[in-house]
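The next block holds one structure in the form of structure tokens; read it before the comments.
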Amino acid sequence: SGIHSSGATANNVFVHHAEFNNLYAPFWIESGGTNIAFTDNIVKEADSGPIAYANANTLKMVAMSRNFVYRIIDDALVVNGHGASAGIISKIIIVNDNIILKNDFAIAGSIGGLKVSIGTSSYRDLAMMEISNNIMQTYSTGETGLTVSNSPYVGYPTAIPQVIMSNNIIKGFTYGIIFQGNTQHSQSLVSGNTLTQIKEVGLRIQAAKFVDFFDNIFDMNQTLASANGIEFVGNSNNIKISRNRVHYAANASIFRPAAITLSNIWFEDNDFSDSDGAPSLASTTGLYFNRNKGFVTENSGIAKGASPITVAHGLSYVTNATRIMVVITAWNATVTGQVTTRDASNFYITHTGTATATFSWYVEYNP
């Protein structure tokens with residue numbers, strides 16, 4: 001190792017403008033500490049990147065910024081509560097403006113790019129966590145670009161409040177962003193991130209609550225048939241997903257398995273139009289959709305013809321046609337019309353006109 005604090009807490013540690021080559025762990029805080037900064041350094045060809053663990057103690061006021069991390073086998077950059085010994089990450093954690101080029105060669109099974117994990121104690125006084133303006137790239141398989149989670153070794157944390165993940169560039173990872181283990185009010189924001197050439201999952205949401213995901217780009221590897229754009233794998237609620245773009249998700253633009261519970265999940269103003277895979281939703285309970293491209297839940301137009309008129313409504317993923325709301329307005333005040341039935345593709349207008357009649361129409365569907 002390069003700099004290693006193993007037995008006691010490390011306080012007021014500042015590593016700046018250093019270069020670390022061919023080390024197991026160039027910077028390793030193993031047992032917590034306060035006021036720890038690792039900034040403007042170069043780390044290359046190491047087993048792991050800079051690591052700060054709380055372990056059985058408290059880790060607070062940590063900054064890892066403006067580092068260049070290159071050719072790392074394991075996690076490239078970690079802030080971690082770590083293990084079953086009730087480590088606590090507390091106060092302010094800032095990870096920003098780093099360049100992480102994991103490997104320019106393939107290493108199967110490597111773990112990930114940037115990881116912030118919380119330990120297992122029942123209380124965490126985490127005032128703010130900011131992960132922003134980082135650039136991450138890998139050629140390996142099985143890796144995650146950006147992970148915010150509980151400890152990867154044990155159960156879920158009580159809270160990760162006020163997480164801000166913004167303006168990161170993530171390229172070539174198997175999984176783009178994993179946001180998990182957040183079972184309390186978080187008031188968290190994930191915004192402005194650009195993910196490109198992601199192999200399997202752009203965004204994975206697991207056990208999250210009160211999080212907004214907006215203005216992100218999830219650009220999947222279009223050659224992989226198994227790719228999902230946005231995927232839920234754990235019980236979650238009160239999440240808003242808006243103004244995101246999902247490209248080339250061949251399997252599913254949105255994936256929701258059967259054995260989880262979701263509530264108050266909103267999809268608004270997203271663009272799924274470049275994804276080959278339609279949403280794969282074992283259930284739509286708890287999901288709400290408004291104004292999304294490529295997943296149409298509202299539409300309008302003009303219908304003209306003799307009675308009855310067959311109108312293609314253009315709605316997506318209609319599994320229960322009785323939930324389609326249709327409003328029609330006749331252009332001729334002497335003509336009355338009504339919608340007689342709806343199905344997965346069309347609705348049907350009968351009217352009193354003696355020949356052709358014209359109607360404006362609006363449809364809305366809540367899956």
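Numbering starts fresh at 1 for the residues of each chain in the structure tokens, the chains themselves are lettered A, B, ... in the order given, and ligands are numbered from 1 as they appear.
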Next on the checklist: Let's see if you can do this: from backbone DSSP, list all strand (DSSP E or B) residues in region 133-310 of chain A, as number ranges by chain.
Outcome noted: A: 135-137, 141, 144-150, 163-166, 169-171, 175-180, 188-191, 194-198, 201-206, 209-214, 217-220, 228-232, 236-242, 245-247, 252-256, 262-268, 271-274, 280-281, 287-290, 292-293, 295, 298-305, 309-310
Near Leu262 (chain A), counting only C-alpha atoms, which residues have an atom at most 8 Å away, once you skip same-chain residues fewer than 3 positions from it, shown as a short mmCIF file (atom, residue, chain, number, x, y, z; two decimals) with all heavy atoms, in the first residue's frame?
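This went into selection_8.cif:
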```cif
data_model
loop_
_atom_site.label_atom_id
_atom_site.label_comp_id
_atom_site.auth_asym_id
_atom_site.auth_seq_id
_atom_site.Cartn_x
_atom_site.Cartn_y
_atom_site.Cartn_z
N ASN A 235 -38.38 -3.10 -3.94
CA ASN A 235 -39.53 -2.28 -3.56
C ASN A 235 -39.14 -0.82 -3.47
O ASN A 235 -38.18 -0.45 -2.78
CB ASN A 235 -40.08 -2.74 -2.21
CG ASN A 235 -40.54 -4.19 -2.23
OD1 ASN A 235 -40.77 -4.77 -3.31
ND2 ASN A 235 -40.68 -4.78 -1.07
N SER A 236 -39.89 0.05 -4.14
CA SER A 236 -39.56 1.47 -4.18
C SER A 236 -40.84 2.28 -4.23
O SER A 236 -41.89 1.79 -4.67
CB SER A 236 -38.69 1.79 -5.41
OG SER A 236 -37.49 1.06 -5.39
N ASN A 237 -40.76 3.55 -3.79
CA ASN A 237 -41.92 4.41 -3.86
C ASN A 237 -41.53 5.88 -3.91
O ASN A 237 -40.41 6.25 -3.58
CB ASN A 237 -42.88 4.15 -2.68
CG ASN A 237 -42.26 4.48 -1.34
OD1 ASN A 237 -42.11 5.64 -0.98
ND2 ASN A 237 -41.89 3.45 -0.59
N ILE A 265 -44.81 5.93 -8.59
CA ILE A 265 -43.66 6.06 -9.50
C ILE A 265 -44.15 6.79 -10.75
O ILE A 265 -45.04 6.28 -11.46
CB ILE A 265 -43.09 4.69 -9.89
CG1 ILE A 265 -42.85 3.80 -8.66
CG2 ILE A 265 -41.82 4.87 -10.71
CD1 ILE A 265 -41.81 4.30 -7.71
N THR A 285 -49.27 -1.55 -11.53
CA THR A 285 -49.73 -0.99 -10.27
C THR A 285 -48.66 -0.07 -9.69
O THR A 285 -47.49 -0.43 -9.59
CB THR A 285 -50.03 -2.11 -9.25
OG1 THR A 285 -51.03 -2.96 -9.79
CG2 THR A 285 -50.49 -1.54 -7.93
N GLY A 286 -49.08 1.13 -9.33
CA GLY A 286 -48.17 2.10 -8.74
C GLY A 286 -47.38 2.91 -9.74
O GLY A 286 -46.58 3.77 -9.34
N LEU A 287 -47.59 2.69 -11.04
CA LEU A 287 -46.87 3.41 -12.08
C LEU A 287 -47.81 4.40 -12.77
O LEU A 287 -48.97 4.08 -13.06
CB LEU A 287 -46.30 2.45 -13.12
CG LEU A 287 -45.41 1.32 -12.62
CD1 LEU A 287 -44.90 0.50 -13.80
CD2 LEU A 287 -44.24 1.86 -11.81
#
```
Next on the checklist: Could you tell me how far CA of Tyr53 (chain A) sits from CA of Lys171 (chain A), in Å to one decimal place?
Outcome noted: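 Between CA of Lys171 (chain A) and CA of Tyr53 (chain A) the gap works out to 26.3 Å.
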List as a PDB file with N, CA and C atoms, in the first residue's frame the protein and nucleic acid residues near region 299-316 of chain A, meaning an atom at most 7 Å away when only C-alpha atoms are counted, but skip any in the same chain fewer than 5 places from it.
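This is the output file out25.pdb:
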```pdb
ATOM      1  N   SER A 345     -56.103  -1.305 -29.939  1.00  0.00           N
ATOM      2  CA  SER A 345     -55.626  -0.496 -31.058  1.00  0.00           C
ATOM      3  C   SER A 345     -56.551   0.642 -31.454  1.00  0.00           C
ATOM      4  N   ASN A 346     -57.853   0.483 -31.240  1.00  0.00           N
ATOM      5  CA  ASN A 346     -58.824   1.428 -31.788  1.00  0.00           C
ATOM      6  C   ASN A 346     -59.903   1.767 -30.774  1.00  0.00           C
ATOM      7  N   PHE A 347     -60.625   2.857 -31.091  1.00  0.00           N
ATOM      8  CA  PHE A 347     -61.936   3.071 -30.488  1.00  0.00           C
ATOM      9  C   PHE A 347     -62.915   3.346 -31.629  1.00  0.00           C
ATOM     10  N   TYR A 348     -64.211   3.262 -31.341  1.00  0.00           N
ATOM     11  CA  TYR A 348     -65.224   3.268 -32.403  1.00  0.00           C
ATOM     12  C   TYR A 348     -66.311   4.285 -32.072  1.00  0.00           C
ATOM     13  N   ILE A 349     -66.621   5.145 -33.072  1.00  0.00           N
ATOM     14  CA  ILE A 349     -67.614   6.201 -32.901  1.00  0.00           C
ATOM     15  C   ILE A 349     -68.843   5.876 -33.749  1.00  0.00           C
ATOM     16  N   THR A 350     -69.994   5.873 -33.123  1.00  0.00           N
ATOM     17  CA  THR A 350     -71.264   5.871 -33.882  1.00  0.00           C
ATOM     18  C   THR A 350     -71.854   7.267 -33.791  1.00  0.00           C
ATOM     19  N   HIS A 351     -72.502   7.704 -34.867  1.00  0.00           N
ATOM     20  CA  HIS A 351     -73.042   9.069 -34.865  1.00  0.00           C
ATOM     21  C   HIS A 351     -74.350   9.118 -35.640  1.00  0.00           C
ATOM     22  N   ALA A 355     -74.539  11.063 -43.477  1.00  0.00           N
ATOM     23  CA  ALA A 355     -73.426  10.615 -44.325  1.00  0.00           C
ATOM     24  C   ALA A 355     -72.156  10.646 -43.484  1.00  0.00           C
ATOM     25  N   THR A 356     -71.192  11.431 -43.940  1.00  0.00           N
ATOM     26  CA  THR A 356     -69.963  11.526 -43.146  1.00  0.00           C
ATOM     27  C   THR A 356     -70.109  12.596 -42.071  1.00  0.00           C
ATOM     28  N   ALA A 357     -69.379  12.391 -40.994  1.00  0.00           N
ATOM     29  CA  ALA A 357     -69.323  13.387 -39.919  1.00  0.00           C
ATOM     30  C   ALA A 357     -67.871  13.489 -39.455  1.00  0.00           C
ATOM     31  N   THR A 358     -67.527  14.639 -38.883  1.00  0.00           N
ATOM     32  CA  THR A 358     -66.156  14.898 -38.446  1.00  0.00           C
ATOM     33  C   THR A 358     -66.139  15.171 -36.947  1.00  0.00           C
ATOM     34  N   PHE A 359     -65.163  14.564 -36.287  1.00  0.00           N
ATOM     35  CA  PHE A 359     -65.029  14.722 -34.830  1.00  0.00           C
ATOM     36  C   PHE A 359     -63.565  15.033 -34.475  1.00  0.00           C
ATOM     37  N   SER A 360     -63.368  15.919 -33.524  1.00  0.00           N
ATOM     38  CA  SER A 360     -62.086  16.035 -32.844  1.00  0.00           C
ATOM     39  C   SER A 360     -62.100  15.048 -31.683  1.00  0.00           C
ATOM     40  N   TRP A 361     -60.967  14.453 -31.416  1.00  0.00           N
ATOM     41  CA  TRP A 361     -60.937  13.477 -30.326  1.00  0.00           C
ATOM     42  C   TRP A 361     -59.659  13.599 -29.488  1.00  0.00           C
ATOM     43  N   TYR A 362     -59.752  13.187 -28.230  1.00  0.00           N
ATOM     44  CA  TYR A 362     -58.622  13.148 -27.309  1.00  0.00           C
ATOM     45  C   TYR A 362     -58.744  11.869 -26.492  1.00  0.00           C
ATOM     46  N   VAL A 363     -57.626  11.143 -26.365  1.00  0.00           N
ATOM     47  CA  VAL A 363     -57.638   9.904 -25.569  1.00  0.00           C
ATOM     48  C   VAL A 363     -56.540   9.980 -24.507  1.00  0.00           C
ATOM     49  N   GLU A 364     -56.789   9.317 -23.423  1.00  0.00           N
ATOM     50  CA  GLU A 364     -55.805   9.234 -22.344  1.00  0.00           C
ATOM     51  C   GLU A 364     -55.920   7.855 -21.701  1.00  0.00           C
TER      52      GLU A 364
END
```
Checklist entry - Between A:Asn67, A:Asn290, A:Thr284, A:Thr354, which has the minimum distance to Pro367 (chain A) (counting only C-alpha atoms)? => result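 Looking at the shortest contact to Pro367 (chain A), the residue is A:Thr284.
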Item to check | Shell of 12 Å around Pro257 (chain A), only C-alpha atoms, local chain residues under 6 positions omitted, as an NGL selection string | outcome: :A and (206 or 230-235 or 279-285)
Export of the given selection (all heavy atoms) as an mmCIF file, in the first residue's frame:
```
data_model
loop_
_atom_site.group_PDB
_atom_site.id
_atom_site.type_symbol
_atom_site.label_atom_id
_atom_site.label_comp_id
_atom_site.auth_asym_id
_atom_site.auth_seq_id
_atom_site.Cartn_x
_atom_site.Cartn_y
_atom_site.Cartn_z
ATOM 1 N N GLN A 206 -33.225 0.148 -6.721
ATOM 2 C CA GLN A 206 -33.492 -0.930 -5.783
ATOM 3 C C GLN A 206 -33.754 -0.351 -4.403
ATOM 4 O O GLN A 206 -32.899 0.298 -3.819
ATOM 5 C CB GLN A 206 -32.294 -1.885 -5.736
ATOM 6 C CG GLN A 206 -32.486 -3.074 -4.802
ATOM 7 C CD GLN A 206 -31.366 -4.085 -4.957
ATOM 8 O OE1 GLN A 206 -30.724 -4.147 -5.997
ATOM 9 N NE2 GLN A 206 -31.135 -4.870 -3.926
ATOM 10 N N ILE A 230 -34.242 1.374 -18.035
ATOM 11 C CA ILE A 230 -34.504 1.665 -16.621
ATOM 12 C C ILE A 230 -35.105 0.419 -16.006
ATOM 13 O O ILE A 230 -36.098 -0.112 -16.507
ATOM 14 C CB ILE A 230 -35.446 2.867 -16.468
ATOM 15 C CG1 ILE A 230 -34.799 4.118 -17.070
ATOM 16 C CG2 ILE A 230 -35.806 3.094 -15.009
ATOM 17 C CD1 ILE A 230 -35.721 5.314 -17.129
ATOM 18 N N GLU A 231 -34.534 -0.041 -14.889
ATOM 19 C CA GLU A 231 -34.921 -1.328 -14.325
ATOM 20 C C GLU A 231 -35.171 -1.175 -12.821
ATOM 21 O O GLU A 231 -34.367 -0.596 -12.103
ATOM 22 C CB GLU A 231 -33.799 -2.334 -14.573
ATOM 23 C CG GLU A 231 -34.007 -3.704 -13.980
ATOM 24 C CD GLU A 231 -32.843 -4.629 -14.296
ATOM 25 O OE1 GLU A 231 -32.850 -5.201 -15.402
ATOM 26 O OE2 GLU A 231 -31.929 -4.766 -13.468
ATOM 27 N N PHE A 232 -36.294 -1.721 -12.369
ATOM 28 C CA PHE A 232 -36.593 -1.789 -10.930
ATOM 29 C C PHE A 232 -36.333 -3.215 -10.459
ATOM 30 O O PHE A 232 -36.838 -4.170 -11.044
ATOM 31 C CB PHE A 232 -38.052 -1.430 -10.666
ATOM 32 C CG PHE A 232 -38.377 0.017 -10.894
ATOM 33 C CD1 PHE A 232 -38.747 0.468 -12.149
ATOM 34 C CD2 PHE A 232 -38.304 0.931 -9.855
ATOM 35 C CE1 PHE A 232 -39.050 1.802 -12.376
ATOM 36 C CE2 PHE A 232 -38.606 2.267 -10.066
ATOM 37 C CZ PHE A 232 -38.975 2.705 -11.326
ATOM 38 N N VAL A 233 -35.579 -3.360 -9.371
ATOM 39 C CA VAL A 233 -35.313 -4.693 -8.835
ATOM 40 C C VAL A 233 -35.597 -4.786 -7.341
ATOM 41 O O VAL A 233 -35.298 -5.804 -6.716
ATOM 42 C CB VAL A 233 -33.861 -5.133 -9.114
ATOM 43 C CG1 VAL A 233 -33.631 -5.294 -10.598
ATOM 44 C CG2 VAL A 233 -32.867 -4.153 -8.521
ATOM 45 N N GLY A 234 -36.181 -3.749 -6.751
ATOM 46 C CA GLY A 234 -36.523 -3.792 -5.335
ATOM 47 C C GLY A 234 -37.680 -2.861 -5.043
ATOM 48 O O GLY A 234 -37.982 -1.932 -5.812
ATOM 49 N N ASN A 235 -38.385 -3.096 -3.939
ATOM 50 C CA ASN A 235 -39.534 -2.283 -3.556
ATOM 51 C C ASN A 235 -39.138 -0.817 -3.469
ATOM 52 O O ASN A 235 -38.176 -0.452 -2.785
ATOM 53 C CB ASN A 235 -40.083 -2.742 -2.210
ATOM 54 C CG ASN A 235 -40.538 -4.189 -2.234
ATOM 55 O OD1 ASN A 235 -40.771 -4.768 -3.309
ATOM 56 N ND2 ASN A 235 -40.679 -4.784 -1.066
ATOM 57 N N PRO A 279 -41.669 -1.434 -23.080
ATOM 58 C CA PRO A 279 -41.646 -1.686 -21.643
ATOM 59 C C PRO A 279 -42.068 -3.113 -21.316
ATOM 60 O O PRO A 279 -42.995 -3.659 -21.918
ATOM 61 C CB PRO A 279 -42.661 -0.668 -21.101
ATOM 62 C CG PRO A 279 -42.641 0.435 -22.098
ATOM 63 C CD PRO A 279 -42.453 -0.239 -23.424
ATOM 64 N N SER A 280 -41.365 -3.726 -20.371
ATOM 65 C CA SER A 280 -41.692 -5.066 -19.895
ATOM 66 C C SER A 280 -42.145 -4.934 -18.449
ATOM 67 O O SER A 280 -41.323 -4.833 -17.532
ATOM 68 C CB SER A 280 -40.473 -5.982 -20.011
ATOM 69 O OG SER A 280 -40.749 -7.263 -19.481
ATOM 70 N N LEU A 281 -43.448 -4.897 -18.252
ATOM 71 C CA LEU A 281 -44.017 -4.583 -16.946
ATOM 72 C C LEU A 281 -44.881 -5.746 -16.479
ATOM 73 O O LEU A 281 -45.961 -5.989 -17.030
ATOM 74 C CB LEU A 281 -44.856 -3.303 -17.023
ATOM 75 C CG LEU A 281 -44.138 -2.076 -17.611
ATOM 76 C CD1 LEU A 281 -45.120 -0.924 -17.779
ATOM 77 C CD2 LEU A 281 -42.964 -1.668 -16.739
ATOM 78 N N ALA A 282 -44.398 -6.459 -15.472
ATOM 79 C CA ALA A 282 -45.197 -7.554 -14.930
ATOM 80 C C ALA A 282 -46.479 -7.032 -14.305
ATOM 81 O O ALA A 282 -47.481 -7.736 -14.243
ATOM 82 C CB ALA A 282 -44.383 -8.332 -13.895
ATOM 83 N N SER A 283 -46.447 -5.791 -13.847
ATOM 84 C CA SER A 283 -47.626 -5.127 -13.309
ATOM 85 C C SER A 283 -47.447 -3.633 -13.504
ATOM 86 O O SER A 283 -46.327 -3.123 -13.469
ATOM 87 C CB SER A 283 -47.805 -5.444 -11.817
ATOM 88 O OG SER A 283 -48.796 -4.609 -11.241
ATOM 89 N N THR A 284 -48.544 -2.913 -13.732
ATOM 90 C CA THR A 284 -48.474 -1.455 -13.822
ATOM 91 C C THR A 284 -48.985 -0.788 -12.550
ATOM 92 O O THR A 284 -49.091 0.437 -12.494
ATOM 93 C CB THR A 284 -49.300 -0.954 -15.017
ATOM 94 O OG1 THR A 284 -50.655 -1.412 -14.878
ATOM 95 C CG2 THR A 284 -48.719 -1.468 -16.326
ATOM 96 N N THR A 285 -49.267 -1.551 -11.529
ATOM 97 C CA THR A 285 -49.727 -0.994 -10.267
ATOM 98 C C THR A 285 -48.664 -0.068 -9.689
ATOM 99 O O THR A 285 -47.494 -0.427 -9.586
ATOM 100 C CB THR A 285 -50.027 -2.109 -9.254
ATOM 101 O OG1 THR A 285 -51.035 -2.962 -9.794
ATOM 102 C CG2 THR A 285 -50.495 -1.542 -7.931
#
```
Next on the checklist: What does the structure give for the distance between CA of Asn216 (chain A) and CA of Trp266 (chain A), in Å to one decimal?
Outcome noted: 15.4 Å
Checklist entry - If you count only C-alpha atoms, which residues fall within 9 Å of Ala250 (chain A), apart from same-chain ones fewer than 6 positions away, as a ChimeraX atom specification? => result /A:220-229,275-278
